[in-house]
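Engineer: Have a peek at coords.pdb (PDB, C-alpha atoms and all ligand atoms).
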ATOM      1  CA  MET A   1      60.090 136.042  88.989
ATOM      2  CA  LEU A   2      63.250 136.938  87.079
ATOM      3  CA  HIS A   3      63.327 137.123  83.291
ATOM      4  CA  LEU A   4      66.501 137.573  81.264
ATOM      5  CA  ILE A   5      66.406 139.007  77.770
ATOM      6  CA  ASP A   6      69.222 139.008  75.257
ATOM      7  CA  ALA A   7      68.842 142.474  73.732
ATOM      8  CA  LEU A   8      70.693 141.318  70.572
ATOM      9  CA  HIS A   9      72.722 144.497  70.277
ATOM     10  CA  LEU A  10      73.673 144.962  66.590
ATOM     11  CA  ASN A  11      72.034 141.550  66.041
ATOM     12  CA  THR A  12      74.801 139.966  68.098
ATOM     13  CA  PRO A  13      73.897 137.573  70.916
ATOM     14  CA  ASN A  14      75.616 137.575  74.342
ATOM     15  CA  VAL A  15      76.580 141.264  74.406
ATOM     16  CA  ILE A  16      73.797 143.058  76.342
ATOM     17  CA  CYS A  17      71.449 141.238  78.713
ATOM     18  CA  VAL A  18      68.424 142.977  80.199
ATOM     19  CA  ALA A  19      67.032 141.707  83.520
ATOM     20  CA  VAL A  20      63.369 142.096  84.418
ATOM     21  CA  LEU A  21      61.695 141.251  87.717
ATOM     22  CA  GLN A  22      57.938 140.679  87.724
ATOM     23  CA  ALA A  23      55.953 141.656  90.802
ATOM     24  CA  GLY A  24      52.899 139.728  91.972
ATOM     25  CA  ASP A  25      50.563 142.289  90.344
ATOM     26  CA  GLY A  26      52.369 142.066  86.983
ATOM     27  CA  THR A  27      54.377 145.284  87.361
ATOM     28  CA  LEU A  28      57.843 144.935  85.821
ATOM     29  CA  VAL A  29      61.098 146.322  87.205
ATOM     30  CA  MET A  30      63.866 146.439  84.621
ATOM     31  CA  ILE A  31      67.549 146.645  85.478
ATOM     32  CA  ASP A  32      69.344 148.537  82.666
ATOM     33  CA  CYS A  33      67.410 148.796  79.418
ATOM     34  CA  GLY A  34      70.350 148.941  76.988
ATOM     35  CA  PRO A  35      70.817 151.560  74.280
ATOM     36  CA  GLU A  36      68.002 152.902  72.130
ATOM     37  CA  THR A  37      69.070 150.587  69.282
ATOM     38  CA  VAL A  38      67.748 147.557  71.233
ATOM     39  CA  PHE A  39      64.481 149.139  72.444
ATOM     40  CA  GLU A  40      62.275 147.391  69.855
ATOM     41  CA  ASN A  41      63.985 144.029  70.460
ATOM     42  CA  VAL A  42      63.358 144.165  74.201
ATOM     43  CA  VAL A  43      59.741 145.354  73.769
ATOM     44  CA  ARG A  44      59.042 142.534  71.308
ATOM     45  CA  GLU A  45      60.565 139.925  73.588
ATOM     46  CA  LEU A  46      58.605 141.121  76.646
ATOM     47  CA  ASN A  47      55.375 141.044  74.660
ATOM     48  CA  GLN A  48      56.094 137.625  73.166
ATOM     49  CA  ARG A  49      56.636 136.248  76.655
ATOM     50  CA  GLY A  50      53.283 137.703  77.715
ATOM     51  CA  LEU A  51      54.874 140.071  80.227
ATOM     52  CA  GLY A  52      53.678 143.260  78.505
ATOM     53  CA  ALA A  53      56.311 145.924  77.830
ATOM     54  CA  GLN A  54      53.863 148.570  79.055
ATOM     55  CA  ASN A  55      54.198 147.066  82.548
ATOM     56  CA  VAL A  56      57.814 148.278  82.854
ATOM     57  CA  LYS A  57      57.045 150.983  85.383
ATOM     58  CA  HIS A  58      60.499 151.195  86.976
ATOM     59  CA  LEU A  59      63.961 151.139  85.436
ATOM     60  CA  LEU A  60      66.877 150.743  87.850
ATOM     61  CA  ALA A  61      69.907 152.165  86.065
ATOM     62  CA  THR A  62      73.263 150.825  87.252
ATOM     63  CA  HIS A  63      75.002 153.701  85.472
ATOM     64  CA  ILE A  64      74.551 156.073  82.577
ATOM     65  CA  HIS A  65      76.934 154.540  80.027
ATOM     66  CA  LEU A  66      75.058 154.383  76.739
ATOM     67  CA  ASP A  67      75.288 150.595  76.348
ATOM     68  CA  HIS A  68      73.455 150.277  79.676
ATOM     69  CA  ASN A  69      70.848 153.047  79.670
ATOM     70  CA  GLY A  70      71.120 155.122  76.495
ATOM     71  CA  GLY A  71      67.531 154.048  75.690
ATOM     72  CA  ALA A  72      66.005 155.002  79.077
ATOM     73  CA  TRP A  73      64.249 158.025  77.581
ATOM     74  CA  ARG A  74      62.327 155.770  75.121
ATOM     75  CA  TRP A  75      60.949 153.641  77.963
ATOM     76  CA  GLN A  76      59.886 156.769  79.799
ATOM     77  CA  ARG A  77      58.270 158.296  76.712
ATOM     78  CA  GLU A  78      56.454 155.158  75.554
ATOM     79  CA  PHE A  79      55.421 153.668  78.900
ATOM     80  CA  GLY A  80      55.880 156.390  81.537
ATOM     81  CA  THR A  81      58.698 154.448  83.188
ATOM     82  CA  THR A  82      60.356 156.019  86.257
ATOM     83  CA  VAL A  83      64.158 155.898  86.005
ATOM     84  CA  HIS A  84      66.140 155.357  89.237
ATOM     85  CA  VAL A  85      69.720 156.588  88.976
ATOM     86  CA  HIS A  86      72.742 157.591  91.083
ATOM     87  CA  PRO A  87      72.812 161.295  92.069
ATOM     88  CA  VAL A  88      75.949 161.945  89.984
ATOM     89  CA  GLY A  89      74.371 160.322  86.912
ATOM     90  CA  ALA A  90      70.916 161.895  87.258
ATOM     91  CA  PRO A  91      71.698 165.369  85.795
ATOM     92  CA  HIS A  92      73.147 163.675  82.686
ATOM     93  CA  MET A  93      69.980 161.646  82.182
ATOM     94  CA  ILE A  94      67.956 164.869  82.275
ATOM     95  CA  ASP A  95      70.357 166.837  80.074
ATOM     96  CA  PRO A  96      72.543 164.388  78.149
ATOM     97  CA  GLY A  97      74.460 167.127  76.275
ATOM     98  CA  LYS A  98      77.835 166.500  77.949
ATOM     99  CA  LEU A  99      77.400 162.725  77.827
ATOM    100  CA  VAL A 100      76.653 162.834  74.106
ATOM    101  CA  ALA A 101      79.571 165.200  73.440
ATOM    102  CA  SER A 102      82.090 162.984  75.219
ATOM    103  CA  ALA A 103      80.711 159.792  73.640
ATOM    104  CA  THR A 104      80.845 161.464  70.227
ATOM    105  CA  ARG A 105      84.562 162.161  70.745
ATOM    106  CA  ILE A 106      85.036 158.410  71.211
ATOM    107  CA  TYR A 107      82.573 156.907  68.709
ATOM    108  CA  SER A 108      82.223 159.774  66.177
ATOM    109  CA  GLU A 109      80.178 158.662  63.147
ATOM    110  CA  ARG A 110      79.381 155.271  64.759
ATOM    111  CA  MET A 111      77.269 156.913  67.525
ATOM    112  CA  GLY A 112      73.900 156.395  65.818
ATOM    113  CA  TYR A 113      74.745 152.905  64.618
ATOM    114  CA  LEU A 114      75.797 151.752  68.084
ATOM    115  CA  TRP A 115      73.453 153.615  70.394
ATOM    116  CA  GLY A 116      70.607 155.130  68.349
ATOM    117  CA  GLU A 117      68.981 158.352  69.428
ATOM    118  CA  ILE A 118      69.674 159.953  72.804
ATOM    119  CA  GLN A 119      67.239 162.354  74.455
ATOM    120  CA  GLY A 120      66.846 163.849  77.907
ATOM    121  CA  LEU A 121      64.362 162.568  80.486
ATOM    122  CA  PRO A 122      61.852 164.907  82.157
ATOM    123  CA  ALA A 123      63.202 165.634  85.649
ATOM    124  CA  THR A 124      59.895 164.454  87.131
ATOM    125  CA  SER A 125      60.508 160.914  85.812
ATOM    126  CA  VAL A 126      63.967 160.623  87.411
ATOM    127  CA  ALA A 127      64.226 159.175  90.922
ATOM    128  CA  VAL A 128      67.607 159.946  92.464
ATOM    129  CA  THR A 129      68.923 157.040  94.553
ATOM    130  CA  ALA A 130      70.794 157.014  97.861
ATOM    131  CA  ASP A 131      73.167 154.341  99.117
ATOM    132  CA  GLY A 132      71.292 151.733 101.145
ATOM    133  CA  GLN A 133      67.892 152.963 100.024
ATOM    134  CA  GLN A 134      65.101 150.403  99.631
ATOM    135  CA  ILE A 135      63.219 150.634  96.356
ATOM    136  CA  LYS A 136      59.745 149.136  96.808
ATOM    137  CA  VAL A 137      57.579 148.271  93.840
ATOM    138  CA  SER A 138      54.419 146.337  94.666
ATOM    139  CA  ASP A 139      55.661 143.222  96.516
ATOM    140  CA  LEU A 140      59.270 143.585  95.259
ATOM    141  CA  GLU A 141      62.010 145.259  97.239
ATOM    142  CA  LEU A 142      65.562 145.963  96.094
ATOM    143  CA  SER A 143      68.295 147.899  97.808
ATOM    144  CA  VAL A 144      70.778 150.332  96.347
ATOM    145  CA  LEU A 145      74.495 149.616  96.705
ATOM    146  CA  GLU A 146      76.763 152.411  95.528
ATOM    147  CA  THR A 147      79.666 150.740  93.754
ATOM    148  CA  PRO A 148      82.073 153.213  92.125
ATOM    149  CA  GLY A 149      85.207 152.098  90.312
ATOM    150  CA  HIS A 150      84.113 151.244  86.773
ATOM    151  CA  ALA A 151      82.274 154.554  86.860
ATOM    152  CA  GLN A 152      81.950 157.094  89.631
ATOM    153  CA  HIS A 153      78.146 157.097  89.303
ATOM    154  CA  HIS A 154      77.634 153.324  89.543
ATOM    155  CA  ASN A 155      74.963 151.514  91.568
ATOM    156  CA  ALA A 156      74.392 147.826  91.960
ATOM    157  CA  TYR A 157      70.964 146.577  93.087
ATOM    158  CA  TRP A 158      70.539 143.827  95.673
ATOM    159  CA  PHE A 159      67.570 141.489  95.595
ATOM    160  CA  GLU A 160      67.663 139.770  98.974
ATOM    161  CA  PRO A 161      64.953 137.089  98.413
ATOM    162  CA  SER A 162      67.078 135.436  95.690
ATOM    163  CA  LYS A 163      70.438 136.768  96.946
ATOM    164  CA  ILE A 164      71.120 138.111  93.448
ATOM    165  CA  LEU A 165      73.177 141.239  92.945
ATOM    166  CA  PHE A 166      72.381 143.108  89.729
ATOM    167  CA  ALA A 167      75.934 144.270  89.225
ATOM    168  CA  GLY A 168      75.968 146.369  86.045
ATOM    169  CA  ASP A 169      79.684 146.543  85.183
ATOM    170  CA  VAL A 170      81.206 146.499  88.681
ATOM    171  CA  ALA A 171      81.462 142.692  88.557
ATOM    172  CA  GLY A 172      82.983 142.738  85.086
ATOM    173  CA  VAL A 173      82.187 140.961  81.837
ATOM    174  CA  VAL A 174      81.935 137.221  81.091
ATOM    175  CA  ILE A 175      80.873 135.936  77.702
ATOM    176  CA  GLY A 176      80.436 132.264  76.848
ATOM    177  CA  LYS A 177      83.308 130.230  78.194
ATOM    178  CA  GLY A 178      85.514 133.299  78.471
ATOM    179  CA  PRO A 179      87.312 134.735  81.493
ATOM    180  CA  VAL A 180      86.182 137.618  83.722
ATOM    181  CA  PHE A 181      87.277 140.920  82.173
ATOM    182  CA  PRO A 182      87.172 144.312  83.924
ATOM    183  CA  PRO A 183      85.847 147.011  81.569
ATOM    184  CA  CYS A 184      88.051 150.069  82.239
ATOM    185  CA  PRO A 185      86.650 152.950  80.166
ATOM    186  CA  PRO A 186      87.393 156.654  80.549
ATOM    187  CA  PRO A 187      86.763 159.010  82.156
ATOM    188  CA  ASP A 188      86.611 157.762  85.734
ATOM    189  CA  VAL A 189      87.826 154.195  86.108
ATOM    190  CA  ASN A 190      89.409 154.063  89.566
ATOM    191  CA  ILE A 191      91.221 150.960  90.798
ATOM    192  CA  GLU A 192      91.112 151.763  94.526
ATOM    193  CA  LYS A 193      87.389 152.573  94.468
ATOM    194  CA  TRP A 194      86.672 149.485  92.380
ATOM    195  CA  LYS A 195      88.450 147.258  94.917
ATOM    196  CA  GLU A 196      86.448 148.828  97.765
ATOM    197  CA  SER A 197      83.256 148.191  95.800
ATOM    198  CA  LEU A 198      84.228 144.537  95.266
ATOM    199  CA  ASN A 199      84.564 144.217  99.042
ATOM    200  CA  ARG A 200      81.071 145.666  99.463
ATOM    201  CA  VAL A 201      79.782 143.084  96.974
ATOM    202  CA  ARG A 202      81.560 140.227  98.796
ATOM    203  CA  ALA A 203      80.111 141.373 102.130
ATOM    204  CA  LEU A 204      76.603 140.665 100.819
ATOM    205  CA  ASN A 205      77.576 137.037 100.211
ATOM    206  CA  PRO A 206      75.548 136.855  96.992
ATOM    207  CA  ALA A 207      74.383 133.527  95.570
ATOM    208  CA  GLN A 208      74.561 134.865  92.012
ATOM    209  CA  LEU A 209      75.771 137.934  90.171
ATOM    210  CA  PHE A 210      73.880 139.364  87.239
ATOM    211  CA  LEU A 211      76.151 140.969  84.643
ATOM    212  CA  THR A 212      74.795 143.136  81.850
ATOM    213  CA  HIS A 213      77.609 141.553  79.788
ATOM    214  CA  PHE A 214      76.454 138.734  80.121
ATOM    215  CA  GLY A 215      73.860 137.152  82.399
ATOM    216  CA  LEU A 216      73.836 135.240  85.680
ATOM    217  CA  GLN A 217      77.083 133.983  87.179
ATOM    218  CA  ALA A 218      77.255 131.347  89.885
ATOM    219  CA  ARG A 219      80.292 131.102  92.219
ATOM    220  CA  PRO A 220      80.565 134.837  92.968
ATOM    221  CA  ASP A 221      83.601 134.270  95.230
ATOM    222  CA  VAL A 222      85.710 132.708  92.473
ATOM    223  CA  HIS A 223      84.377 135.218  89.960
ATOM    224  CA  LEU A 224      85.250 138.268  92.083
ATOM    225  CA  THR A 225      88.744 136.991  92.860
ATOM    226  CA  GLU A 226      89.431 136.467  89.154
ATOM    227  CA  LEU A 227      88.061 139.932  88.370
ATOM    228  CA  GLU A 228      90.196 141.671  90.998
ATOM    229  CA  THR A 229      93.330 139.781  89.980
ATOM    230  CA  ARG A 230      92.859 140.682  86.315
ATOM    231  CA  LEU A 231      92.024 144.307  87.106
ATOM    232  CA  MET A 232      95.341 144.650  88.954
ATOM    233  CA  ASP A 233      97.160 142.702  86.251
ATOM    234  CA  TRP A 234      95.842 144.980  83.469
ATOM    235  CA  ALA A 235      96.537 148.142  85.455
ATOM    236  CA  VAL A 236     100.142 147.166  86.203
ATOM    237  CA  TRP A 237     100.680 146.014  82.594
ATOM    238  CA  MET A 238      99.445 149.405  81.371
ATOM    239  CA  LYS A 239     101.715 151.323  83.755
ATOM    240  CA  GLU A 240     104.716 149.334  82.494
ATOM    241  CA  ARG A 241     103.925 150.249  78.860
ATOM    242  CA  MET A 242     103.551 153.902  79.863
ATOM    243  CA  LEU A 243     106.913 153.754  81.660
ATOM    244  CA  GLU A 244     108.401 152.473  78.392
ATOM    245  CA  GLY A 245     107.302 155.813  76.952
ATOM    246  CA  LYS A 246     104.696 154.304  74.626
ATOM    247  CA  SER A 247     101.703 156.260  73.328
ATOM    248  CA  GLU A 248      98.144 154.907  73.599
ATOM    249  CA  GLU A 249      98.191 154.229  69.822
ATOM    250  CA  LYS A 250     101.326 152.111  70.272
ATOM    251  CA  ILE A 251      99.952 150.337  73.340
ATOM    252  CA  LEU A 252      96.593 149.358  71.790
ATOM    253  CA  PRO A 253      97.756 146.540  69.442
ATOM    254  CA  GLU A 254      99.969 145.142  72.227
ATOM    255  CA  PHE A 255      97.032 145.235  74.647
ATOM    256  CA  GLN A 256      94.837 143.494  72.072
ATOM    257  CA  ARG A 257      97.394 140.670  71.817
ATOM    258  CA  PHE A 258      97.794 140.542  75.616
ATOM    259  CA  THR A 259      94.040 140.300  76.282
ATOM    260  CA  GLY A 260      93.392 138.171  73.170
ATOM    261  CA  ASP A 261      95.796 135.569  74.579
ATOM    262  CA  GLN A 262      93.903 135.642  77.890
ATOM    263  CA  LEU A 263      90.622 135.021  76.055
ATOM    264  CA  LEU A 264      92.013 132.137  74.007
ATOM    265  CA  ALA A 265      93.747 130.583  77.018
ATOM    266  CA  ALA A 266      90.402 130.511  78.856
ATOM    267  CA  GLY A 267      88.740 128.743  75.912
ATOM    268  CA  ALA A 268      86.724 131.607  74.372
ATOM    269  CA  SER A 269      85.368 130.880  70.874
ATOM    270  CA  PRO A 270      85.870 133.251  67.890
ATOM    271  CA  ALA A 271      82.247 134.429  68.353
ATOM    272  CA  ASP A 272      82.981 135.076  72.043
ATOM    273  CA  LEU A 273      86.037 137.145  71.079
ATOM    274  CA  GLN A 274      83.872 139.359  68.894
ATOM    275  CA  ALA A 275      81.265 139.737  71.640
ATOM    276  CA  TYR A 276      83.967 140.667  74.181
ATOM    277  CA  GLU A 277      85.240 143.408  71.888
ATOM    278  CA  GLN A 278      81.677 144.719  71.355
ATOM    279  CA  ALA A 279      80.847 144.665  75.082
ATOM    280  CA  ASP A 280      84.248 145.782  76.356
ATOM    281  CA  PRO A 281      86.387 147.361  73.616
ATOM    282  CA  ALA A 282      90.136 147.058  74.197
ATOM    283  CA  GLY A 283      90.687 150.659  73.111
ATOM    284  CA  MET A 284      88.440 151.930  75.888
ATOM    285  CA  SER A 285      90.430 150.139  78.564
ATOM    286  CA  VAL A 286      93.724 151.465  77.154
ATOM    287  CA  THR A 287      92.443 155.056  77.293
ATOM    288  CA  GLY A 288      90.729 154.536  80.656
ATOM    289  CA  LEU A 289      93.704 152.940  82.422
ATOM    290  CA  CYS A 290      96.257 155.392  80.966
ATOM    291  CA  ARG A 291      94.055 158.222  82.188
ATOM    292  CA  TYR A 292      93.738 156.599  85.615
ATOM    293  CA  TRP A 293      97.529 156.487  86.073
ATOM    294  CA  ARG A 294      98.081 160.036  84.768
ATOM    295  CA  LYS A 295      95.285 161.474  86.911
ATOM    296  CA  HIS A 296      95.698 159.556  90.177
ATOM    297  CA  HIS A 297      99.343 158.459  90.312
ATOM    298  CA  PRO A 298     101.448 160.749  88.093
ATOM    299  CA  GLU A 299     104.396 160.247  90.495
ATOM    300  CA  LEU A 300     104.542 156.556  89.534
ATOM    301  CA  LEU A 301     105.013 157.450  85.865
ATOM    302  CA  LEU A 302     108.285 159.266  86.422
ATOM    303  CA  GLN A 303     111.003 157.201  84.789
ATOM    304  CA  ALA A 304     114.019 156.344  86.955
TER     305      ALA A 304
HETATM  306 ZN    ZN B   1      79.857 150.814  81.758
END
Represent the structure contained in this file as structure tokens.
Structural biologist:
Amino acid sequence: MLHLIDALHLNTPNVICVAVLQAGDGTLVMIDCGPETVFENVVRELNQRGLGAQNVKHLLATHIHLDHNGGAWRWQREFGTTVHVHPVGAPHMIDPGKLVASATRIYSERMGYLWGEIQGLPATSVAVTADGQQIKVSDLELSVLETPGHAQHHNAYWFEPSKILFAGDVAGVVIGKGPVFPPCPPPDVNIEKWKESLNRVRALNPAQLFLTHFGLQARPDVHLTELETRLMDWAVWMKERMLEGKSEEKILPEFQRFTGDQLLAAGASPADLQAYEQADPAGMSVTGLCRYWRKHHPELLLQA
């Protein structure tokens, strides 16, 4: 039985959704717990629904970005939850020093407000995943699908009985009536790898996609085509601005207008616009995509 919980990040609905599967014996498997700032909200909601937060024995982390799993350590400490995570992400869950340092460079004094406290997990509570691995919990079984592109250390989790793919960020962001946006943060957004991952997702022929931002999406085929088209569109747009010799500071307001128009054209409401910016900040995609071009295709940035 699948339960979806709006974690109400910063008291805002439709930004972070937490998925929980309940096994026949009552054990709960959570897919991405959100940052530490939403821990109490999610615990309260699980208890109000009679599911019992203490039954969250397994957390399947799609990736280690703080909006997805910054609060994993709290679940482990309070309830003894085992955290399943990609081998590249695992060391950073145990010792989050580097993760915190790089996030602090981006968010500076807003770190605590956005994400709360961040602590390391005991190594014994971290289960390192492998591509294709079956994770069995009571009568539930999910399989691991490595899906780099948004982040190098990204897993999606496939639940065959319902043909749902818990997609983290690899299947993008959709809020309200808005379009599908590809979150492109630094440091390792990679267009080629992302496209390969989208093909892996398509090959499963999912009935539904679960997005952390935000919730279940029907019509995965249409959704994934829109995502891939927009990912390419944004990447090419960014390369053109770089070829014009513009700095990231100069590009940002232009990118905000460019993507703002896409949101409005699709029929997003003002509240949706705010939720998009909270879930997928424009500034992150500017930095991420500029870095992608400089790192992977510097030859294409040489002006004629
Ligand atoms: Zn992410």
Engineer: Go ahead and compute the interatomic distance for CA of Pro35 (chain A) and CA of Ser143 (chain A), in Å to one decimal.
Structural biologist: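 Interatomic distance, CA of Pro35 (chain A) to CA of Ser143 (chain A): 23.9 Å.
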Engineer: What residues have any atom no more than 9 Å from ligand ZN 1 (chain B) when counting only C-alpha atoms and all ligand atoms, and can you list them as a PyMOL selection string?
Structural biologist: chain A and resi 62-68+150-151+154+168-170+183-185+280
Engineer: Mind dumping the selected residues with C-alpha atoms as a CSV table (one decimal), in the coordinates of the input?
Structural biologist:
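Written out: again_6.csv:
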chain,number,residue,atom,x,y,z
A,62,THR,CA,73.3,150.8,87.3
A,63,HIS,CA,75.0,153.7,85.5
A,64,ILE,CA,74.6,156.1,82.6
A,65,HIS,CA,76.9,154.5,80.0
A,66,LEU,CA,75.1,154.4,76.7
A,67,ASP,CA,75.3,150.6,76.3
A,68,HIS,CA,73.5,150.3,79.7
A,150,HIS,CA,84.1,151.2,86.8
A,151,ALA,CA,82.3,154.6,86.9
A,154,HIS,CA,77.6,153.3,89.5
A,168,GLY,CA,76.0,146.4,86.0
A,169,ASP,CA,79.7,146.5,85.2
A,170,VAL,CA,81.2,146.5,88.7
A,183,PRO,CA,85.8,147.0,81.6
A,184,CYS,CA,88.1,150.1,82.2
A,185,PRO,CA,86.6,153.0,80.2
A,280,ASP,CA,84.2,145.8,76.4
Engineer: May I ask which of the residues A:Pro270, A:Gly80, A:Gly34, A:Pro87 is the closest one to Thr212 (chain A), counting all atoms listed in the file?
Structural biologist: A:Gly34
Engineer: Let me know the residues the PyMOL selection byres (((chain A and resi 7-20) around 7) and not hetatm) catches in the file above, as a PyMOL selection string.
Structural biologist: chain A and resi 2-6+21-22+28-34+38+41-42+175+212-215+275+278-279
Engineer: For Pro96 (chain A), which residue among A:Leu142, A:Ala72, A:Val286, A:Ala61 is the nearest when counting only C-alpha atoms?
Structural biologist: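 Nearest candidate to Pro96 (chain A) out of A:Leu142, A:Ala72, A:Val286, A:Ala61: A:Ala72.
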Engineer: For Pro148 (chain A), which residue out of A:Glu240, A:Glu160, A:Asp261, A:Glu192 is the nearest one, using all atoms listed in the file?
Structural biologist: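 When distances to Pro148 (chain A) are compared using all atoms listed in the file, the smallest one comes from A:Glu192.
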Engineer: So, with only C-alpha atoms as the atoms that count, which of A:Arg44, A:Gly89, A:Ala266, A:Pro186 lies closest to Ala103 (chain A)?
Structural biologist: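 Checking each candidate against Ala103 (chain A), we get A:Pro186 as the closest.
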Engineer: Counting all atoms listed in the file, which residues sit no farther than 10 Å from the position (69.2, 145.8, 101.0) in the file's frame? I'd like them as a list in words.
Structural biologist: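 Residues with an atom close enough to that point: Asp131, Gly132, Gln133, Gln134, Ile135, Glu141, Leu142, Ser143, Val144, Leu145, Tyr157, Trp158, Phe159, Glu160, Lys163 and Leu204 of chain A.
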Engineer: Would you mind telling me which residue in A:Val128, A:Thr259, A:Leu140, A:Gly50 lies nearest to Val83 (chain A) when using only C-alpha atoms?
Structural biologist: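 Nearest candidate to Val83 (chain A) out of A:Val128, A:Thr259, A:Leu140, A:Gly50: A:Val128.
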Engineer: Using the chain letters and numbers from the file, which residues does the PyMOL selection byres (((chain A and resi 84) around 7) and not hetatm) grab, as a PyMOL selection string?
Structural biologist: chain A and resi 59-61+82-83+85+126-129
Engineer: Up to 12 Å from (99.6, 151.7, 74.1) in the file's coordinates: name the residues, counting only C-alpha atoms, as number ranges by chain.
Structural biologist: A: 237-258, 282-291
Engineer: For region 229-236 of chain A, list every protein, DNA or RNA residue within 8 Å, evaluated using all atoms listed in the file, and leave out those in the same chain fewer than 5 positions away; present the list as number ranges by chain.
Structural biologist: A: 180-182, 191, 289
Engineer: Give me, please, the distance in Å between CA of His92 (chain A) and CA of Leu121 (chain A), quoted to one decimal.
Structural biologist: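 We find that CA of His92 (chain A) and CA of Leu121 (chain A) lie 9.1 Å from each other.
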Engineer: Padding of 5 Å on every side, edges along x, y and z, all listed atoms of region 41-60 of chain A included: what centre and edge lengths in Å, to one decimal, does that box have, as AutoDock Vina command-line options?
Structural biologist:
--center_x 60.1 --center_y 143.7 --center_z 79.2 --size_x 23.6 --size_y 24.9 --size_z 27.4
Engineer: Which residue is closest to Leu51 (chain A)? Choose from A:Arg74, A:Ala90, A:Trp194, A:Met1 and count all atoms listed in the file.
Structural biologist: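 Using all atoms listed in the file, Leu51 (chain A) sits closest to A:Met1.
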